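Participant: Dropping a structure here in structure tokens format, bear with me for questions.
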Amino acid sequence: MRLLATTVTLAVLLGSLLLLGMRQKKRGPARDSTAPPPRAARRSLLTQGVTFKLMTDEFAAEIDTTKWRRGTADTWAGTPPVYFDAKDTQSVADGVLSLHFRHRLATDNFGPQWQYASGYIKSFAYRRYGYFEARFRAAKASLTTTFWLYGGSRSYLREIDIFETPSAKPGFETHHHSNFHSWVTPLQSGVSRQHGSNPNSAHLPFHPTDEFHTYALDWGPHTCTILVDGEPVRTEETPDFRTGMQLFLGLSWNKHFYNKVDETMIPAQMDVQWVRVGAPALTRNNVFVSPTGSDDEDGRTWATALRTVQRGIDLTLDGSSLFVAAGTYQQDL
């Protein structure tokens, strides 16, 4: 989105500002009092009981349909021949969420191109920044067990693959794959749909299908760190990953790893003990932006207003209100 030689008169923005579709300019590592806490502090949020409840679930009872959508067909029905949106491929028992992989049934009402169904859930809520972890046992199947974030808008779309493993592929039984995808990026005129990715692969010191392990993402304004059982395995500079995303867990078909479904591994399931997200509501009551302001100020009052809307967005966190004075703002967002 671009504001160019346009008079912008914005009323007070009340409530939380959901940051979707905002392009962020790369900045240096300087921090301020309004930034999310450093990595070690974010990681300890869960032990302090500070959680983002809309994405946290111990799966003590049935799937909470106020938090999770069963399936993903509103955005992604699957990759033939595996369908991701069958409503009976998720179950909860004894505090464990199971996401199942099965053959197509006669009662299934999806198209003939789908011969199999696999379990998926995704959060209704979006989240920008925080500590995201899930404890699960990967499926023994010719699918990819996945844990990832995805979200944005038609002009700004990002994805973070925290954990993917094609554990049934020979030679890949201990494989851990992660990736940072840029799908859509705003330009000064229009958008770029050129796909950018930053993949990484490593081998774990265990088989993820044998027992439960904890996989996590520590996502801050400047860097992301991926952890396995509390130990960092990858850190990347990610200044352009600043949009709210939804959380996904499930079993996907990936033609890059498999050329056919292994019938001897059906049925199969991914078992999840919990999803926990540590992301406190760090609030600033007001952030002010004015054409006569300066980005060297703190933006806490009109007298110390910021100059650019982008800087105001950078300092706006959960529960904040952003005030933008009438004026002309020539800048990219």
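Each chain of the structure tokens is named A, B, ... in the order shown, its residues numbered from 1; ligands are numbered from 1 in display order.
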Using 8 Å as the limit and counting only C-alpha atoms, can you tabulate each residue of segment 211-276 of chain A that touches segment 62-86 of chain A, with its shortest atom-to-atom distance in Å and the two atoms involved, as JSON lines?

Facilitator:
{"residue": "A:Leu251", "atom": "CA", "partner": "A:Phe84", "partner_atom": "CA", "distance": 7.9}
{"residue": "A:Ser252", "atom": "CA", "partner": "A:Gly78", "partner_atom": "CA", "distance": 7.4}
{"residue": "A:Trp253", "atom": "CA", "partner": "A:Thr79", "partner_atom": "CA", "distance": 6.0}
{"residue": "A:Asn254", "atom": "CA", "partner": "A:Thr79", "partner_atom": "CA", "distance": 7.7}

Participant: Between A:Ser178, A:Thr238, A:Thr165, A:Thr328, which one has atoms that come closest to Trp219 of chain A, using only C-alpha atoms?

Facilitator: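 Residue with the minimum atom-to-atom distance to Trp219 of chain A: A:Thr238.
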
Participant: Extract, using only C-alpha atoms, all DNA, RNA and protein residues at most 10 Å from Ala216 of chain A, discarding same-chain residues fewer than 6 positions from it, and format them as a list in words.

Facilitator: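 Answer for this query is Arg43, Tyr131, Phe132, Glu133, Ala134, Arg135, Phe147, Trp148, Ile162, Phe163, Thr225, Ile226, Leu227, Val228, Asp229, Gly230, Glu231, Pro232, Val275, Arg276 and Val277 of chain A.
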
Participant: Between atom CA of Thr174 of chain A and atom CA of Thr145 of chain A, what is the distance, to one decimal in Å?

Facilitator: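 Answer for the atom CA of Thr174 of chain A to atom CA of Thr145 of chain A separation: 12.1 Å.
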
Participant: Could you give me the residues within segment 157-188 of chain A that DSSP places in strand (DSSP E), as a PyMOL selection string?

Facilitator: chain A and resi 157-165+175-186

Participant: Can you pull out every residue within 7 Å of segment 304-311 of chain A, counting only C-alpha atoms, but drop anything in the same chain fewer than 5 positions away, and send it as a short mmCIF file (atom, residue, chain, number, x, y, z; two decimals) with all heavy atoms, in the first residue's frame?

Facilitator:
data_model
loop_
_atom_site.label_atom_id
_atom_site.label_comp_id
_atom_site.auth_asym_id
_atom_site.auth_seq_id
_atom_site.Cartn_x
_atom_site.Cartn_y
_atom_site.Cartn_z
N PHE A 288 1.38 8.41 18.35
CA PHE A 288 0.97 9.59 17.59
C PHE A 288 1.90 9.80 16.39
O PHE A 288 3.13 9.69 16.52
CB PHE A 288 0.99 10.84 18.47
CG PHE A 288 0.01 10.79 19.61
CD1 PHE A 288 0.35 10.24 20.83
CD2 PHE A 288 -1.28 11.29 19.44
CE1 PHE A 288 -0.56 10.19 21.88
CE2 PHE A 288 -2.20 11.25 20.47
CZ PHE A 288 -1.85 10.69 21.70
N VAL A 289 1.30 10.15 15.24
CA VAL A 289 2.04 10.44 14.02
C VAL A 289 1.54 11.75 13.45
O VAL A 289 0.32 12.00 13.41
CB VAL A 289 1.87 9.31 12.98
CG1 VAL A 289 2.60 9.66 11.68
CG2 VAL A 289 2.35 7.98 13.53
N SER A 290 2.46 12.60 13.00
CA SER A 290 2.09 13.90 12.45
C SER A 290 3.05 14.27 11.32
O SER A 290 4.24 13.91 11.36
CB SER A 290 2.17 14.97 13.55
OG SER A 290 2.07 16.27 12.99
N PRO A 291 2.57 15.00 10.30
CA PRO A 291 3.47 15.46 9.23
C PRO A 291 4.60 16.35 9.74
O PRO A 291 5.63 16.49 9.08
CB PRO A 291 2.55 16.23 8.29
CG PRO A 291 1.18 15.73 8.59
CD PRO A 291 1.18 15.40 10.05
N THR A 292 4.43 16.96 10.92
CA THR A 292 5.47 17.82 11.48
C THR A 292 6.28 17.12 12.56
O THR A 292 7.11 17.74 13.22
CB THR A 292 4.82 19.08 12.10
OG1 THR A 292 3.90 18.68 13.14
CG2 THR A 292 4.08 19.89 11.04
N GLY A 293 6.06 15.80 12.72
CA GLY A 293 6.76 15.05 13.74
C GLY A 293 8.14 14.61 13.31
O GLY A 293 8.64 15.00 12.25
N SER A 294 8.76 13.78 14.13
CA SER A 294 10.10 13.26 13.84
C SER A 294 10.18 11.81 14.32
O SER A 294 9.74 11.49 15.43
CB SER A 294 11.17 14.09 14.56
OG SER A 294 12.43 13.44 14.49
N ASP A 295 10.77 10.95 13.49
CA ASP A 295 10.92 9.56 13.89
C ASP A 295 11.99 9.36 14.95
O ASP A 295 12.18 8.25 15.45
CB ASP A 295 11.25 8.69 12.66
CG ASP A 295 10.02 8.43 11.81
OD1 ASP A 295 8.91 8.82 12.24
OD2 ASP A 295 10.16 7.85 10.72
N GLU A 297 11.66 10.95 17.74
CA GLU A 297 10.88 11.10 18.96
C GLU A 297 10.31 9.75 19.39
O GLU A 297 10.42 8.75 18.68
CB GLU A 297 9.75 12.12 18.75
CG GLU A 297 10.22 13.51 18.38
CD GLU A 297 10.83 14.25 19.58
OE1 GLU A 297 10.81 13.70 20.71
OE2 GLU A 297 11.33 15.37 19.37
N ASP A 298 9.63 9.74 20.56
CA ASP A 298 9.09 8.47 21.05
C ASP A 298 7.64 8.24 20.64
O ASP A 298 7.11 7.15 20.84
CB ASP A 298 9.22 8.38 22.57
CG ASP A 298 8.48 9.48 23.32
OD1 ASP A 298 7.58 10.13 22.73
OD2 ASP A 298 8.79 9.71 24.51
N GLY A 299 6.96 9.28 20.08
CA GLY A 299 5.60 9.10 19.62
C GLY A 299 4.56 8.95 20.70
O GLY A 299 3.42 8.56 20.44
N LEU A 333 4.16 1.75 2.72
CA LEU A 333 3.76 0.99 3.91
C LEU A 333 3.82 -0.49 3.56
O LEU A 333 3.49 -0.88 2.47
CB LEU A 333 2.35 1.34 4.33
CG LEU A 333 2.12 2.77 4.83
CD1 LEU A 333 0.67 2.95 5.23
CD2 LEU A 333 3.02 3.06 6.02
#

Participant: Point out the residue among A:Phe248, A:Phe180, A:Trp302, A:Phe59 with the least atom-to-atom distance to Phe124 of chain A, counting only C-alpha atoms.

Facilitator: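 The shortest atom-to-atom distance to Phe124 of chain A comes from A:Phe248.
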
Participant: Neighbouring residues of Val261 of chain A were defined as those with any atom within 9 Å, considering only C-alpha atoms; residues of the same chain fewer than 4 positions away were excluded. Please report them as a PyMOL selection string.

Facilitator: chain A and resi 81+141-143+253+265-266

Participant: Could you write those residues out with all heavy atoms, as a tab-separated table (two decimals), in the first residue's frame?

Facilitator:
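Listing of selection02.tsv after writing:
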chain	number	residue	atom	x	y	z
A	81	PRO	N	-2.95	-36.33	-4.32
A	81	PRO	CA	-4.26	-36.96	-4.08
A	81	PRO	C	-4.75	-36.87	-2.64
A	81	PRO	O	-5.66	-37.61	-2.25
A	81	PRO	CB	-3.96	-38.43	-4.43
A	81	PRO	CG	-2.55	-38.62	-3.94
A	81	PRO	CD	-1.85	-37.32	-4.24
A	141	ALA	N	4.15	-42.10	7.99
A	141	ALA	CA	3.37	-42.16	6.75
A	141	ALA	C	4.15	-41.46	5.66
A	141	ALA	O	5.06	-40.66	5.94
A	141	ALA	CB	2.01	-41.52	6.93
A	142	SER	N	3.79	-41.73	4.41
A	142	SER	CA	4.46	-41.08	3.29
A	142	SER	C	3.84	-39.70	3.04
A	142	SER	O	3.43	-39.36	1.92
A	142	SER	CB	4.38	-41.95	2.04
A	142	SER	OG	3.05	-42.33	1.77
A	143	LEU	N	3.78	-38.93	4.11
A	143	LEU	CA	3.33	-37.55	4.11
A	143	LEU	C	4.37	-36.72	4.83
A	143	LEU	O	5.36	-37.24	5.36
A	143	LEU	CB	1.99	-37.41	4.82
A	143	LEU	CG	0.76	-38.08	4.20
A	143	LEU	CD1	-0.42	-37.92	5.12
A	143	LEU	CD2	0.47	-37.47	2.85
A	253	TRP	N	0.70	-33.55	1.80
A	253	TRP	CA	1.34	-34.29	0.71
A	253	TRP	C	2.33	-33.36	0.02
A	253	TRP	O	1.99	-32.24	-0.34
A	253	TRP	CB	0.29	-34.77	-0.28
A	253	TRP	CG	0.85	-35.31	-1.55
A	253	TRP	CD1	0.86	-34.70	-2.77
A	253	TRP	CD2	1.50	-36.57	-1.74
A	253	TRP	NE1	1.47	-35.50	-3.71
A	253	TRP	CE2	1.87	-36.66	-3.10
A	253	TRP	CE3	1.80	-37.64	-0.89
A	253	TRP	CZ2	2.53	-37.76	-3.62
A	253	TRP	CZ3	2.45	-38.75	-1.41
A	253	TRP	CH2	2.80	-38.80	-2.76
A	265	MET	N	1.43	-47.88	4.85
A	265	MET	CA	1.54	-46.98	6.01
A	265	MET	C	0.21	-46.29	6.31
A	265	MET	O	0.19	-45.25	6.96
A	265	MET	CB	2.62	-45.93	5.77
A	265	MET	CG	4.01	-46.52	5.70
A	265	MET	SD	5.29	-45.24	5.56
A	265	MET	CE	6.76	-46.22	5.77
A	266	ILE	N	-0.87	-46.87	5.82
A	266	ILE	CA	-2.21	-46.33	6.10
A	266	ILE	C	-2.98	-47.35	6.93
A	266	ILE	O	-2.98	-48.54	6.60
A	266	ILE	CB	-2.97	-46.06	4.79
A	266	ILE	CG1	-2.17	-45.11	3.90
A	266	ILE	CG2	-4.35	-45.46	5.07
A	266	ILE	CD1	-2.78	-44.90	2.52

Participant: For the atom pair atom CA of Glu263 of chain A and atom CA of Ala117 of chain A, what is the interatomic distance in Å to one decimal place?

Facilitator: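 Separation of atom CA of Glu263 of chain A and atom CA of Ala117 of chain A: 13.0 Å.
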